[in-house]
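The data block below is final.txt; it holds compact mmCIF, C-alpha atoms.
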```txt
# COMPACT_ATOMS: atom_id res chain seq x y z
CA MET A 1 -52.78 93.27 -15.72
CA LEU A 2 -56.48 92.51 -16.17
CA VAL A 3 -55.98 92.53 -19.95
CA VAL A 4 -53.18 89.96 -19.64
CA PHE A 5 -55.33 87.96 -17.21
CA SER A 6 -58.30 87.82 -19.59
CA LEU A 7 -56.17 87.01 -22.66
CA THR A 8 -54.33 84.24 -20.80
CA THR A 9 -57.54 82.78 -19.41
CA GLY A 10 -59.01 82.80 -22.92
CA GLU A 11 -55.96 80.95 -24.21
CA PHE A 12 -55.55 78.26 -21.56
CA VAL A 13 -59.07 77.66 -20.25
CA ILE A 14 -59.81 75.29 -23.12
CA VAL A 15 -57.50 72.67 -21.56
CA GLY A 16 -59.89 72.29 -18.62
CA ILE A 17 -63.02 71.87 -20.74
CA VAL A 18 -61.69 69.74 -23.61
CA PRO A 19 -63.84 66.72 -22.61
CA ASP A 20 -66.97 68.91 -22.25
CA VAL A 21 -66.49 70.52 -25.66
CA ALA A 22 -65.81 67.13 -27.27
CA ALA A 23 -68.95 65.59 -25.76
CA ASP A 24 -71.24 68.53 -26.57
CA LEU A 25 -70.09 68.93 -30.19
CA SER A 26 -69.76 65.18 -30.79
CA VAL A 27 -66.06 65.26 -31.70
CA SER A 28 -63.10 63.30 -30.39
CA ILE A 29 -60.74 64.43 -27.63
CA PRO A 30 -57.94 65.00 -30.18
CA ALA A 31 -60.30 67.11 -32.30
CA ALA A 32 -61.22 69.22 -29.26
CA GLY A 33 -57.51 69.51 -28.50
CA ALA A 34 -57.07 70.99 -31.98
CA LEU A 35 -58.89 74.08 -30.69
CA VAL A 36 -55.65 74.85 -28.84
CA THR A 37 -53.86 74.49 -32.18
CA ALA A 38 -56.30 76.88 -33.87
CA TYR A 39 -55.68 79.55 -31.23
CA ALA A 40 -51.95 78.97 -31.56
CA ILE A 41 -52.03 79.33 -35.34
CA GLY A 42 -53.90 82.62 -34.87
CA MET A 43 -51.04 83.86 -32.71
CA ILE A 44 -48.43 82.55 -35.16
CA VAL A 45 -50.05 84.46 -38.03
CA GLY A 46 -51.05 87.49 -35.99
CA GLY A 47 -47.70 87.99 -34.25
CA PRO A 48 -45.70 89.37 -37.17
CA VAL A 49 -48.60 90.45 -39.40
CA VAL A 50 -50.68 92.41 -36.89
CA THR A 51 -47.56 93.93 -35.29
CA VAL A 52 -46.21 95.22 -38.60
CA LEU A 53 -49.60 96.52 -39.75
CA THR A 54 -50.25 98.37 -36.48
CA ALA A 55 -46.70 99.52 -35.68
CA ARG A 56 -47.48 103.18 -36.40
CA LEU A 57 -50.67 103.36 -34.36
CA GLY A 58 -50.65 105.13 -31.02
CA ARG A 59 -50.36 102.60 -28.22
CA LYS A 60 -53.72 103.38 -26.54
CA PRO A 61 -55.92 103.00 -29.65
CA LEU A 62 -53.89 99.93 -30.59
CA ILE A 63 -54.54 98.28 -27.22
CA VAL A 64 -58.24 99.22 -27.33
CA GLY A 65 -58.61 97.68 -30.79
CA LEU A 66 -56.78 94.49 -29.80
CA VAL A 67 -58.89 93.95 -26.69
CA ALA A 68 -62.10 94.65 -28.63
CA VAL A 69 -61.21 91.90 -31.10
CA SER A 70 -60.64 89.55 -28.16
CA VAL A 71 -64.11 90.34 -26.78
CA LEU A 72 -65.80 89.60 -30.10
CA ALA A 73 -63.85 86.39 -30.66
CA ASN A 74 -64.69 85.00 -27.22
CA LEU A 75 -68.36 85.87 -27.69
CA GLY A 76 -68.17 84.10 -31.04
CA SER A 77 -66.74 81.05 -29.27
CA ALA A 78 -69.58 81.11 -26.75
CA VAL A 79 -72.33 81.08 -29.40
CA ALA A 80 -70.60 78.86 -31.98
CA PRO A 81 -73.26 76.50 -33.38
CA ASN A 82 -70.77 73.81 -34.40
CA TYR A 83 -67.15 72.70 -34.23
CA ALA A 84 -66.07 74.49 -37.43
CA VAL A 85 -67.32 77.88 -36.24
CA LEU A 86 -65.70 77.37 -32.85
CA LEU A 87 -62.42 76.54 -34.60
CA VAL A 88 -62.58 79.82 -36.54
CA ALA A 89 -63.48 81.80 -33.43
CA ARG A 90 -60.51 80.39 -31.53
CA PHE A 91 -58.24 81.31 -34.46
CA ALA A 92 -59.59 84.88 -34.41
CA ALA A 93 -59.08 85.15 -30.64
CA GLY A 94 -55.42 84.23 -31.06
CA LEU A 95 -54.68 86.78 -33.79
CA ILE A 96 -54.17 89.76 -31.48
CA VAL A 97 -52.46 88.22 -28.46
CA ALA A 98 -48.83 88.24 -29.60
CA THR A 99 -48.98 91.90 -30.56
CA PHE A 100 -50.48 92.88 -27.22
CA PHE A 101 -47.87 90.99 -25.22
CA ALA A 102 -45.09 92.41 -27.39
CA VAL A 103 -46.20 95.99 -26.76
CA ALA A 104 -46.57 95.34 -23.03
CA VAL A 105 -43.22 93.55 -22.62
CA ALA A 106 -41.15 95.89 -24.79
CA THR A 107 -42.57 98.97 -23.05
CA ALA A 108 -41.93 97.57 -19.57
CA VAL A 109 -38.38 96.46 -20.35
CA SER A 110 -37.52 99.84 -21.88
CA MET A 111 -38.24 101.40 -18.48
CA ALA A 112 -36.50 98.69 -16.40
CA PRO A 113 -33.29 99.39 -14.42
CA ALA A 114 -30.10 97.90 -15.82
CA GLY A 115 -29.78 94.22 -14.97
CA LYS A 116 -33.47 93.88 -14.09
CA GLN A 117 -34.93 93.16 -17.52
CA ALA A 118 -35.85 89.53 -16.83
CA SER A 119 -37.50 90.25 -13.47
CA THR A 120 -39.43 93.08 -15.16
CA VAL A 121 -40.70 90.61 -17.75
CA ALA A 122 -41.73 88.38 -14.84
CA LYS A 123 -43.78 91.20 -13.34
CA VAL A 124 -45.58 91.78 -16.64
CA ALA A 125 -46.23 88.05 -16.80
CA LEU A 126 -47.96 88.08 -13.40
CA GLY A 127 -51.28 88.61 -15.17
CA MET A 128 -50.49 85.49 -17.20
CA ASN A 129 -49.82 83.56 -13.99
CA LEU A 130 -53.11 84.75 -12.50
CA GLY A 131 -54.87 83.68 -15.68
CA ILE A 132 -53.57 80.18 -15.08
CA ILE A 133 -53.78 80.01 -11.30
CA LEU A 134 -57.25 81.61 -11.09
CA GLY A 135 -58.75 82.09 -14.55
CA THR A 136 -58.25 78.58 -15.88
CA PRO A 137 -59.54 76.70 -12.79
CA ILE A 138 -62.48 79.09 -12.41
CA GLY A 139 -63.27 78.81 -16.12
CA THR A 140 -63.08 75.03 -15.86
CA LEU A 141 -65.41 75.04 -12.86
CA ILE A 142 -67.87 77.26 -14.72
CA GLY A 143 -67.71 75.00 -17.75
CA GLN A 144 -68.32 71.86 -15.75
CA ASN A 145 -71.32 73.33 -13.93
CA LEU A 146 -72.87 75.80 -16.41
CA GLY A 147 -71.56 74.48 -19.71
CA TRP A 148 -68.44 75.33 -21.70
CA ARG A 149 -70.22 78.20 -23.49
CA ALA A 150 -70.59 79.99 -20.16
CA THR A 151 -66.81 79.77 -19.79
CA PHE A 152 -66.18 81.78 -22.97
CA THR A 153 -68.94 84.25 -22.05
CA THR A 154 -67.18 84.87 -18.74
CA VAL A 155 -63.85 85.42 -20.50
CA ALA A 156 -65.52 87.96 -22.78
CA ALA A 157 -66.97 89.75 -19.74
CA PHE A 158 -63.52 90.04 -18.15
CA SER A 159 -62.17 91.41 -21.44
CA VAL A 160 -64.90 94.07 -21.45
CA ALA A 161 -63.94 95.07 -17.91
CA ALA A 162 -60.29 95.24 -18.98
CA LEU A 163 -61.26 97.39 -21.97
CA LEU A 164 -63.04 99.87 -19.73
CA LEU A 165 -59.95 100.14 -17.53
CA VAL A 166 -57.76 100.72 -20.58
CA LEU A 167 -60.04 103.53 -21.74
CA ARG A 168 -59.96 105.09 -18.29
CA PHE A 169 -56.36 104.73 -17.16
CA VAL A 170 -53.97 104.10 -20.09
CA PRO A 171 -52.39 107.40 -21.20
CA ALA A 172 -51.84 108.32 -24.82
CA GLN A 173 -48.41 107.18 -26.01
CA PRO A 174 -46.55 107.38 -29.31
CA ALA A 175 -46.52 104.61 -31.88
CA VAL A 176 -44.54 101.45 -31.30
CA ALA A 177 -42.28 102.01 -34.32
CA THR A 178 -41.28 104.97 -36.42
CA GLY A 179 -38.83 103.46 -38.93
CA SER A 180 -39.50 101.56 -42.13
CA VAL A 181 -41.05 98.10 -42.17
CA LEU A 182 -37.95 96.80 -43.96
CA GLY A 183 -35.77 98.22 -41.21
CA GLU A 184 -37.84 96.43 -38.58
CA LEU A 185 -37.65 93.14 -40.48
CA ARG A 186 -33.85 93.27 -40.78
CA VAL A 187 -33.58 92.20 -37.15
CA PHE A 188 -34.41 88.64 -38.22
CA ALA A 189 -31.18 88.39 -40.22
CA ASN A 190 -29.34 88.23 -36.90
CA ARG A 191 -28.37 84.61 -36.16
CA ASP A 192 -28.72 85.09 -32.40
CA VAL A 193 -32.27 86.41 -32.83
CA GLN A 194 -33.10 83.40 -35.00
CA LEU A 195 -31.71 81.03 -32.38
CA ALA A 196 -33.58 82.80 -29.57
CA ILE A 197 -36.90 82.35 -31.37
CA VAL A 198 -36.11 78.71 -32.19
CA LEU A 199 -35.24 78.16 -28.53
CA THR A 200 -38.66 79.48 -27.50
CA ALA A 201 -40.47 77.24 -29.99
CA VAL A 202 -38.51 74.04 -29.37
CA GLY A 203 -37.98 74.60 -25.65
CA ASN A 204 -41.71 74.91 -24.95
CA VAL A 205 -43.19 72.26 -27.21
CA GLY A 206 -42.67 69.43 -24.71
CA ILE A 207 -44.38 71.08 -21.76
CA MET A 208 -47.12 72.43 -24.03
CA THR A 209 -47.84 68.90 -25.26
CA VAL A 210 -48.33 67.80 -21.67
CA PHE A 211 -50.37 70.86 -20.66
CA THR A 212 -52.72 70.64 -23.66
CA TYR A 213 -53.85 67.20 -22.51
CA ILE A 214 -53.40 67.68 -18.77
CA THR A 215 -57.09 67.07 -18.01
CA PRO A 216 -57.33 63.57 -19.56
CA LEU A 217 -53.85 62.78 -18.21
CA LEU A 218 -54.97 63.55 -14.66
CA THR A 219 -58.33 61.80 -14.97
CA ASP A 220 -57.58 58.79 -17.19
CA VAL A 221 -53.96 58.08 -16.17
CA SER A 222 -53.72 59.33 -12.59
CA GLY A 223 -57.32 58.40 -11.75
CA PHE A 224 -58.59 61.73 -10.41
CA ALA A 225 -62.29 62.57 -10.64
CA ALA A 226 -63.25 65.24 -13.15
CA GLY A 227 -64.35 67.48 -10.29
CA SER A 228 -60.77 67.52 -8.98
CA VAL A 229 -59.35 69.07 -12.16
CA PRO A 230 -59.96 72.76 -11.20
CA ALA A 231 -58.09 72.22 -7.92
CA LEU A 232 -55.23 70.49 -9.74
CA LEU A 233 -55.02 73.33 -12.25
CA LEU A 234 -54.83 75.64 -9.25
CA VAL A 235 -51.83 73.62 -8.05
CA TYR A 236 -50.24 74.01 -11.48
CA GLY A 237 -50.96 77.74 -11.43
CA ALA A 238 -49.42 78.16 -7.98
CA GLY A 239 -46.28 76.56 -9.36
CA ALA A 240 -46.43 78.89 -12.34
CA VAL A 241 -46.44 82.00 -10.11
CA ALA A 242 -43.45 80.71 -8.14
CA GLY A 243 -41.62 79.69 -11.30
CA ASN A 244 -42.25 83.03 -12.98
CA PHE A 245 -40.43 85.00 -10.29
CA LEU A 246 -37.76 82.33 -9.83
CA GLY A 247 -37.02 82.39 -13.55
CA GLY A 248 -36.82 86.18 -13.61
CA TRP A 249 -34.41 86.24 -10.67
CA LEU A 250 -32.19 83.50 -12.11
CA SER A 251 -32.12 85.09 -15.57
CA ASP A 252 -31.02 88.44 -14.13
CA LYS A 253 -28.12 86.62 -12.44
CA ALA A 254 -26.99 84.44 -15.38
CA LEU A 255 -29.32 84.40 -18.39
CA MET A 256 -28.25 81.51 -20.61
CA PRO A 257 -26.65 79.29 -17.94
CA SER A 258 -29.81 79.41 -15.81
CA LEU A 259 -32.08 78.86 -18.80
CA THR A 260 -30.01 75.86 -19.87
CA GLY A 261 -30.16 74.41 -16.37
CA LEU A 262 -33.92 74.89 -16.10
CA LEU A 263 -34.50 73.08 -19.40
CA ALA A 264 -32.33 70.19 -18.22
CA VAL A 265 -34.34 69.89 -15.00
CA LEU A 266 -37.65 70.12 -16.90
CA THR A 267 -36.54 67.27 -19.18
CA ALA A 268 -35.79 65.07 -16.19
CA VAL A 269 -39.01 66.00 -14.35
CA LEU A 270 -41.25 65.16 -17.33
CA ALA A 271 -39.55 61.77 -17.63
CA LEU A 272 -40.10 61.21 -13.90
CA PHE A 273 -43.77 62.20 -14.24
CA TRP A 274 -44.12 59.46 -16.87
CA LEU A 275 -42.84 56.95 -14.31
CA VAL A 276 -44.99 58.05 -11.33
CA SER A 277 -48.14 59.30 -13.09
CA GLY A 278 -50.22 56.41 -11.73
CA VAL A 279 -49.58 57.48 -8.12
CA GLN A 280 -51.97 60.28 -7.18
CA VAL A 281 -49.88 61.91 -4.45
CA ALA A 282 -46.87 61.96 -6.75
CA ALA A 283 -49.02 63.33 -9.59
CA VAL A 284 -50.10 66.30 -7.43
CA VAL A 285 -46.48 67.09 -6.52
CA MET A 286 -45.30 66.73 -10.12
CA THR A 287 -48.15 68.95 -11.36
CA PHE A 288 -46.85 71.72 -9.10
CA VAL A 289 -43.23 71.13 -10.15
CA ILE A 290 -43.92 71.25 -13.89
CA GLY A 291 -45.89 74.46 -13.30
CA VAL A 292 -42.79 75.96 -11.65
CA LEU A 293 -40.45 74.89 -14.44
CA ALA A 294 -42.79 75.68 -17.34
CA PHE A 295 -42.95 79.32 -16.26
CA ALA A 296 -39.40 79.63 -14.93
CA ILE A 297 -38.09 79.37 -18.50
CA ILE A 298 -40.33 82.13 -19.92
CA PRO A 299 -38.66 85.30 -18.52
CA GLY A 300 -35.26 84.09 -19.72
CA MET A 301 -36.54 83.27 -23.19
CA GLN A 302 -38.21 86.68 -23.56
CA THR A 303 -35.13 88.47 -22.26
CA ARG A 304 -32.89 86.53 -24.63
CA VAL A 305 -34.93 87.80 -27.59
CA LEU A 306 -34.89 91.37 -26.29
CA SER A 307 -31.14 91.30 -25.67
CA THR A 308 -30.41 90.15 -29.22
CA ALA A 309 -33.08 92.16 -31.10
CA GLY A 310 -31.52 95.61 -30.85
CA ALA A 311 -33.62 98.27 -32.60
CA ALA A 312 -36.78 96.20 -33.21
CA PRO A 313 -37.69 94.67 -29.84
CA THR A 314 -41.48 94.85 -30.24
CA LEU A 315 -41.57 92.98 -33.54
CA ALA A 316 -39.01 90.46 -32.26
CA VAL A 317 -41.04 89.77 -29.11
CA ALA A 318 -44.23 89.41 -31.17
CA VAL A 319 -42.56 86.88 -33.46
CA ASN A 320 -41.13 85.15 -30.40
CA ALA A 321 -44.67 84.86 -29.02
CA SER A 322 -45.58 83.32 -32.37
CA GLY A 323 -42.69 80.92 -31.85
CA PHE A 324 -44.22 79.88 -28.54
CA GLN A 325 -47.48 79.24 -30.35
CA VAL A 326 -45.72 77.17 -33.00
CA ALA A 327 -44.90 74.94 -30.05
CA ALA A 328 -48.53 75.03 -28.88
CA ALA A 329 -49.88 74.25 -32.35
CA PHE A 330 -47.49 71.36 -32.84
CA ALA A 331 -48.25 70.16 -29.31
CA GLY A 332 -51.99 69.98 -29.94
CA TRP A 333 -51.47 67.97 -33.14
CA LEU A 334 -48.73 65.74 -31.77
CA GLY A 335 -50.62 64.91 -28.59
CA GLY A 336 -53.63 63.88 -30.66
CA GLU A 337 -51.44 61.60 -32.78
CA VAL A 338 -49.87 60.04 -29.70
CA ILE A 339 -53.30 59.36 -28.19
CA SER A 340 -55.12 58.08 -31.26
CA GLY A 341 -52.44 56.34 -33.31
CA GLY A 342 -49.34 56.12 -31.12
CA PRO A 343 -48.26 54.58 -27.83
CA GLY A 344 -51.16 56.05 -25.85
CA LEU A 345 -52.09 58.84 -23.46
CA ARG A 346 -49.58 58.19 -20.66
CA SER A 347 -46.62 58.34 -23.05
CA ILE A 348 -47.29 62.07 -23.62
CA TYR A 349 -45.10 62.71 -20.56
CA LEU A 350 -42.18 60.84 -22.13
CA VAL A 351 -42.71 62.53 -25.50
CA GLY A 352 -42.68 65.88 -23.67
CA ALA A 353 -39.34 65.00 -22.04
CA LEU A 354 -37.76 64.08 -25.37
CA LEU A 355 -38.96 67.30 -27.01
CA THR A 356 -37.70 69.40 -24.10
CA ALA A 357 -34.31 67.71 -24.51
CA ALA A 358 -34.26 69.08 -28.07
CA GLY A 359 -34.82 72.57 -26.65
CA LEU A 360 -31.97 71.94 -24.21
CA ALA A 361 -29.71 71.18 -27.18
CA VAL A 362 -30.60 74.56 -28.75
CA ALA A 363 -29.87 76.32 -25.45
CA LEU A 364 -26.50 74.59 -25.12
CA TYR A 365 -25.57 75.62 -28.66
CA SER A 366 -26.55 79.24 -27.96
CA LEU A 367 -24.55 79.19 -24.72
CA ARG A 368 -21.52 77.91 -26.60
CA ARG A 369 -21.88 80.69 -29.18
CA ASP A 370 -21.89 83.22 -26.34
CA ARG A 371 -18.77 81.77 -24.75
CA VAL A 372 -16.62 81.39 -27.86
CA PRO A 373 -16.37 85.17 -28.58
CA ALA A 374 -15.78 85.79 -24.87
CA ALA A 375 -12.94 83.25 -24.83
CA ARG A 376 -11.35 84.84 -27.91
CA ALA A 377 -11.59 88.28 -26.32
```

Target encoding structure tokens, full file:
Amino acid sequence: MLVVFSLTTGEFVIVGIVPDVAADLSVSIPAAGALVTAYAIGMIVGGPVVTVLTARLGRKPLIVGLVAVSVLANLGSAVAPNYAVLLVARFAAGLIVATFFAVAVATAVSMAPAGKQASTVAKVALGMNLGIILGTPIGTLIGQNLGWRATFTTVAAFSVAALLLVLRFVPAQPAVATGSVLGELRVFANRDVQLAIVLTAVGNVGIMTVFTYITPLLTDVSGFAAGSVPALLLVYGAGAVAGNFLGGWLSDKALMPSLTGLLAVLTAVLALFWLVSGVQVAAVVMTFVIGVLAFAIIPGMQTRVLSTAGAAPTLAVAVNASGFQVAAAFAGWLGGEVISGGPGLRSIYLVGALLTAAGLAVALYSLRRDRVPAARA
């Protein structure tokens, strides 16, 4: 769990220190937001490539190697002399994340009782929740008081602690895959697998656009002081923990119907946030609610991929994680365009709602595909 915590903190902590990085490196807010895109592109590339290249490694040396790369990349971020080097370091940090999550999720689900796959994914994701509810606010607080470089140094220190625990407690296990690479790749010819990955990418891009720029949204639109941001991220993280377990429970009951319903509610909530974002009390409540919904959809999306992937679950989950990062990469770019050349910062909420509605359309189509064969039977 500490590994997941450190990786998640390393991924999301940048959203709390975007203004600090921009000011220190003399770049714009959209340019600093592109650091989220760089990390995401690292995951997009690393998901399939690193997973395929390491599929025949024993799981313990694989995990050790992945965490070691994370340590070095976060240290590189901490000492980056300029924006370009920081951009490369964030890309490198993202390269290994999808493979690690894929190994963790696929292993946990393979040991889960029947009908409990989604709630098992939720348990694995608890470290992710803690990274958001604790790691991101703490990292933001460190960045605001000691400088953003101290934030990445702290993330690297947590990764070192996680690495020591892996060396001490993780038992030796066989390789993730034993078949041919071509055999693993054949899973992506399945239309349902393709749709599941598209659902992850499209269904998350709206909320990721909002989350990438949540700090300036809360300060410049809702009028909160910068010092309030760590507490507000804590509110978001509390919602994420609740949503994680809610989503796992709902997905075990009715996978696609619950996922479709959650996306519909998220669409409506983001539109409502656009309307009430200038009211601080409402903004606090809505920050919690979008945290719940953003993480309630994740267990179902992961389980959908696993249920359609068949013999290659690890590679499918890794590519699905890359699909999530396609959303993150697009979100970082799109949010910057909306701020600098579009309708302005506040409209990011409305853009997020429209994009989530596109994910809802994919979910409805997948649900219809599921029901047509059942009706014929």

Interatomic distance between atom CA of Pro113 of chain A and atom CA of Gly127 of chain A? 21.0 Å

Figure out the distance between atom CA of Thr215 of chain A and atom CA of Ile339 of chain A, please, to one decimal in Å. 13.3 Å

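With all atoms listed in the file as the atoms that count, the residue of A:Ala32, A:Val229, A:Ala201, A:Ala240 with the shortest distance to Ile132 of chain A is A:Ala240.
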
Using only C-alpha atoms, which protein or nucleic acid residues come within 9 Å of Ala156 of chain A? Drop anything in the same chain fewer than 5 positions from it, and give the result as a VMD selection string. chain A and resid 6 10 70 to 75 78 151 161

Interface rows for segment 146-240 of chain A against segment 361-368 of chain A: nearest pair, Å to one decimal, 9 Å, only C-alpha atoms, as a Markdown table:
```
| residue | atom | partner | partner_atom | distance |
| --- | --- | --- | --- | --- |
| A:Asp192 | CA | A:Ser366 | CA | 7.7 |
| A:Leu195 | CA | A:Ser366 | CA | 7.0 |
| A:Ala196 | CA | A:Ser366 | CA | 8.0 |
| A:Val198 | CA | A:Val362 | CA | 7.7 |
| A:Leu199 | CA | A:Val362 | CA | 5.9 |
| A:Val202 | CA | A:Val362 | CA | 8.0 |
| A:Gly203 | CA | A:Val362 | CA | 8.0 |
```

May I have the protein, DNA and RNA residues with an atom at most 9 Å from (-51.7, 91.5, -19.0), counting all atoms listed in the file in the file's coordinates, returned as a compact mmCIF listing (two decimals) with C-alpha atoms, keeping the file's coordinate frame?
```
# COMPACT_ATOMS: atom_id res chain seq x y z
CA MET A 1 -52.78 93.27 -15.72
CA LEU A 2 -56.48 92.51 -16.17
CA VAL A 3 -55.98 92.53 -19.95
CA VAL A 4 -53.18 89.96 -19.64
CA PHE A 5 -55.33 87.96 -17.21
CA SER A 6 -58.30 87.82 -19.59
CA LEU A 7 -56.17 87.01 -22.66
CA THR A 8 -54.33 84.24 -20.80
CA PHE A 100 -50.48 92.88 -27.22
CA PHE A 101 -47.87 90.99 -25.22
CA ALA A 104 -46.57 95.34 -23.03
CA VAL A 124 -45.58 91.78 -16.64
CA ALA A 125 -46.23 88.05 -16.80
CA LEU A 126 -47.96 88.08 -13.40
CA GLY A 127 -51.28 88.61 -15.17
CA MET A 128 -50.49 85.49 -17.20
```

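Neighbouring residues of Gly16 of chain A at 9 Å or closer, counting all atoms listed in the file and skipping chain neighbours under 5 positions away, are Thr136, Pro137, Gly139, Thr140, Leu141, Gly143, Gln144, Thr212, Tyr213, Ile214, Thr215, Val229, Pro230 and Leu233 of chain A.
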
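Proximity to Val235 of chain A was assessed for A:Ile133, A:Val317, A:Ala331, A:Ala189 counting only C-alpha atoms; the smallest distance is recorded for A:Ile133.
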
I want to know what sits within 10 Å of Thr303 of chain A, based on all atoms listed in the file, with residues of the same chain fewer than 5 positions away left out; could you give that as a PyMOL selection string? chain A and resi 105-106+109+116-122+196+248+251-252+255-256+298+308-309+317

Suppose you want the space between atom CA of Ala353 of chain A and atom CA of Tyr39 of chain A; what is it in Å?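 It comes out at 23.7 Å.
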
Residues near segment 349-351 of chain A, anyone? I mean within 10 Å using only C-alpha atoms, not counting same-chain ones fewer than 4 positions away, as a compact mmCIF listing (two decimals) with C-alpha atoms, keeping the file's coordinate frame.
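Result file follows (around25.txt):
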```txt
# COMPACT_ATOMS: atom_id res chain seq x y z
CA VAL A 205 -43.19 72.26 -27.21
CA GLY A 206 -42.67 69.43 -24.71
CA ILE A 207 -44.38 71.08 -21.76
CA THR A 209 -47.84 68.90 -25.26
CA VAL A 210 -48.33 67.80 -21.67
CA PHE A 211 -50.37 70.86 -20.66
CA ILE A 214 -53.40 67.68 -18.77
CA LEU A 217 -53.85 62.78 -18.21
CA THR A 267 -36.54 67.27 -19.18
CA ALA A 268 -35.79 65.07 -16.19
CA VAL A 269 -39.01 66.00 -14.35
CA LEU A 270 -41.25 65.16 -17.33
CA ALA A 271 -39.55 61.77 -17.63
CA LEU A 272 -40.10 61.21 -13.90
CA PHE A 273 -43.77 62.20 -14.24
CA TRP A 274 -44.12 59.46 -16.87
CA LEU A 275 -42.84 56.95 -14.31
CA SER A 277 -48.14 59.30 -13.09
CA LEU A 334 -48.73 65.74 -31.77
CA GLY A 335 -50.62 64.91 -28.59
CA VAL A 338 -49.87 60.04 -29.70
CA PRO A 343 -48.26 54.58 -27.83
CA LEU A 345 -52.09 58.84 -23.46
CA LEU A 355 -38.96 67.30 -27.01
CA THR A 356 -37.70 69.40 -24.10
CA ALA A 357 -34.31 67.71 -24.51
```

A:Ala254, A:Ala283, A:Ile297, A:Val27: which is nearest Gly223 of chain A, counting all atoms listed in the file? A:Ala283

So, counting only C-alpha atoms, which residue among A:Asn190, A:Asn244, A:Ser28, A:Asn145 is closest to Gly300 of chain A?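 Checking each candidate against Gly300 of chain A, we get A:Asn244 as the closest.
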
Tell me which protein, DNA and RNA residues are within 10 Å of Ser26 of chain A, counting all atoms listed in the file, leaving out same-chain ones fewer than 6 positions away, and put them as a PyMOL selection string. chain A and resi 20+32+82-83

Would you mind writing segment 86-101 of chain A with N, CA and C atoms, as a PDB file, in the frame of the given file?
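Result written to result.pdb:
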```pdb
ATOM      1  N   LEU A  86     -66.512  77.208 -34.054  1.00  0.00           N
ATOM      2  CA  LEU A  86     -65.700  77.370 -32.850  1.00  0.00           C
ATOM      3  C   LEU A  86     -64.220  77.396 -33.202  1.00  0.00           C
ATOM      4  N   LEU A  87     -63.812  76.577 -34.155  1.00  0.00           N
ATOM      5  CA  LEU A  87     -62.420  76.540 -34.600  1.00  0.00           C
ATOM      6  C   LEU A  87     -62.001  77.904 -35.157  1.00  0.00           C
ATOM      7  N   VAL A  88     -62.867  78.501 -35.970  1.00  0.00           N
ATOM      8  CA  VAL A  88     -62.580  79.820 -36.540  1.00  0.00           C
ATOM      9  C   VAL A  88     -62.530  80.890 -35.458  1.00  0.00           C
ATOM     10  N   ALA A  89     -63.443  80.814 -34.507  1.00  0.00           N
ATOM     11  CA  ALA A  89     -63.480  81.800 -33.430  1.00  0.00           C
ATOM     12  C   ALA A  89     -62.220  81.739 -32.570  1.00  0.00           C
ATOM     13  N   ARG A  90     -61.734  80.522 -32.307  1.00  0.00           N
ATOM     14  CA  ARG A  90     -60.510  80.390 -31.530  1.00  0.00           C
ATOM     15  C   ARG A  90     -59.307  80.944 -32.315  1.00  0.00           C
ATOM     16  N   PHE A  91     -59.292  80.742 -33.617  1.00  0.00           N
ATOM     17  CA  PHE A  91     -58.240  81.310 -34.460  1.00  0.00           C
ATOM     18  C   PHE A  91     -58.258  82.839 -34.370  1.00  0.00           C
ATOM     19  N   ALA A  92     -59.453  83.425 -34.465  1.00  0.00           N
ATOM     20  CA  ALA A  92     -59.590  84.880 -34.410  1.00  0.00           C
ATOM     21  C   ALA A  92     -59.153  85.429 -33.054  1.00  0.00           C
ATOM     22  N   ALA A  93     -59.474  84.705 -31.978  1.00  0.00           N
ATOM     23  CA  ALA A  93     -59.080  85.150 -30.640  1.00  0.00           C
ATOM     24  C   ALA A  93     -57.559  85.194 -30.497  1.00  0.00           C
ATOM     25  N   GLY A  94     -56.876  84.276 -31.162  1.00  0.00           N
ATOM     26  CA  GLY A  94     -55.420  84.230 -31.060  1.00  0.00           C
ATOM     27  C   GLY A  94     -54.696  85.284 -31.876  1.00  0.00           C
ATOM     28  N   LEU A  95     -55.353  85.867 -32.864  1.00  0.00           N
ATOM     29  CA  LEU A  95     -54.680  86.780 -33.790  1.00  0.00           C
ATOM     30  C   LEU A  95     -54.021  87.980 -33.108  1.00  0.00           C
ATOM     31  N   ILE A  96     -54.624  88.487 -32.043  1.00  0.00           N
ATOM     32  CA  ILE A  96     -54.170  89.760 -31.480  1.00  0.00           C
ATOM     33  C   ILE A  96     -53.257  89.614 -30.266  1.00  0.00           C
ATOM     34  N   VAL A  97     -53.115  88.398 -29.763  1.00  0.00           N
ATOM     35  CA  VAL A  97     -52.460  88.220 -28.460  1.00  0.00           C
ATOM     36  C   VAL A  97     -50.973  88.529 -28.512  1.00  0.00           C
ATOM     37  N   ALA A  98     -50.278  88.035 -29.527  1.00  0.00           N
ATOM     38  CA  ALA A  98     -48.830  88.240 -29.600  1.00  0.00           C
ATOM     39  C   ALA A  98     -48.482  89.719 -29.670  1.00  0.00           C
ATOM     40  N   THR A  99     -49.249  90.471 -30.437  1.00  0.00           N
ATOM     41  CA  THR A  99     -48.980  91.900 -30.560  1.00  0.00           C
ATOM     42  C   THR A  99     -49.190  92.607 -29.230  1.00  0.00           C
ATOM     43  N   PHE A 100     -50.247  92.247 -28.518  1.00  0.00           N
ATOM     44  CA  PHE A 100     -50.480  92.880 -27.220  1.00  0.00           C
ATOM     45  C   PHE A 100     -49.345  92.592 -26.253  1.00  0.00           C
ATOM     46  N   PHE A 101     -48.950  91.330 -26.133  1.00  0.00           N
ATOM     47  CA  PHE A 101     -47.870  90.990 -25.220  1.00  0.00           C
ATOM     48  C   PHE A 101     -46.569  91.675 -25.617  1.00  0.00           C
TER      49      PHE A 101
END
```
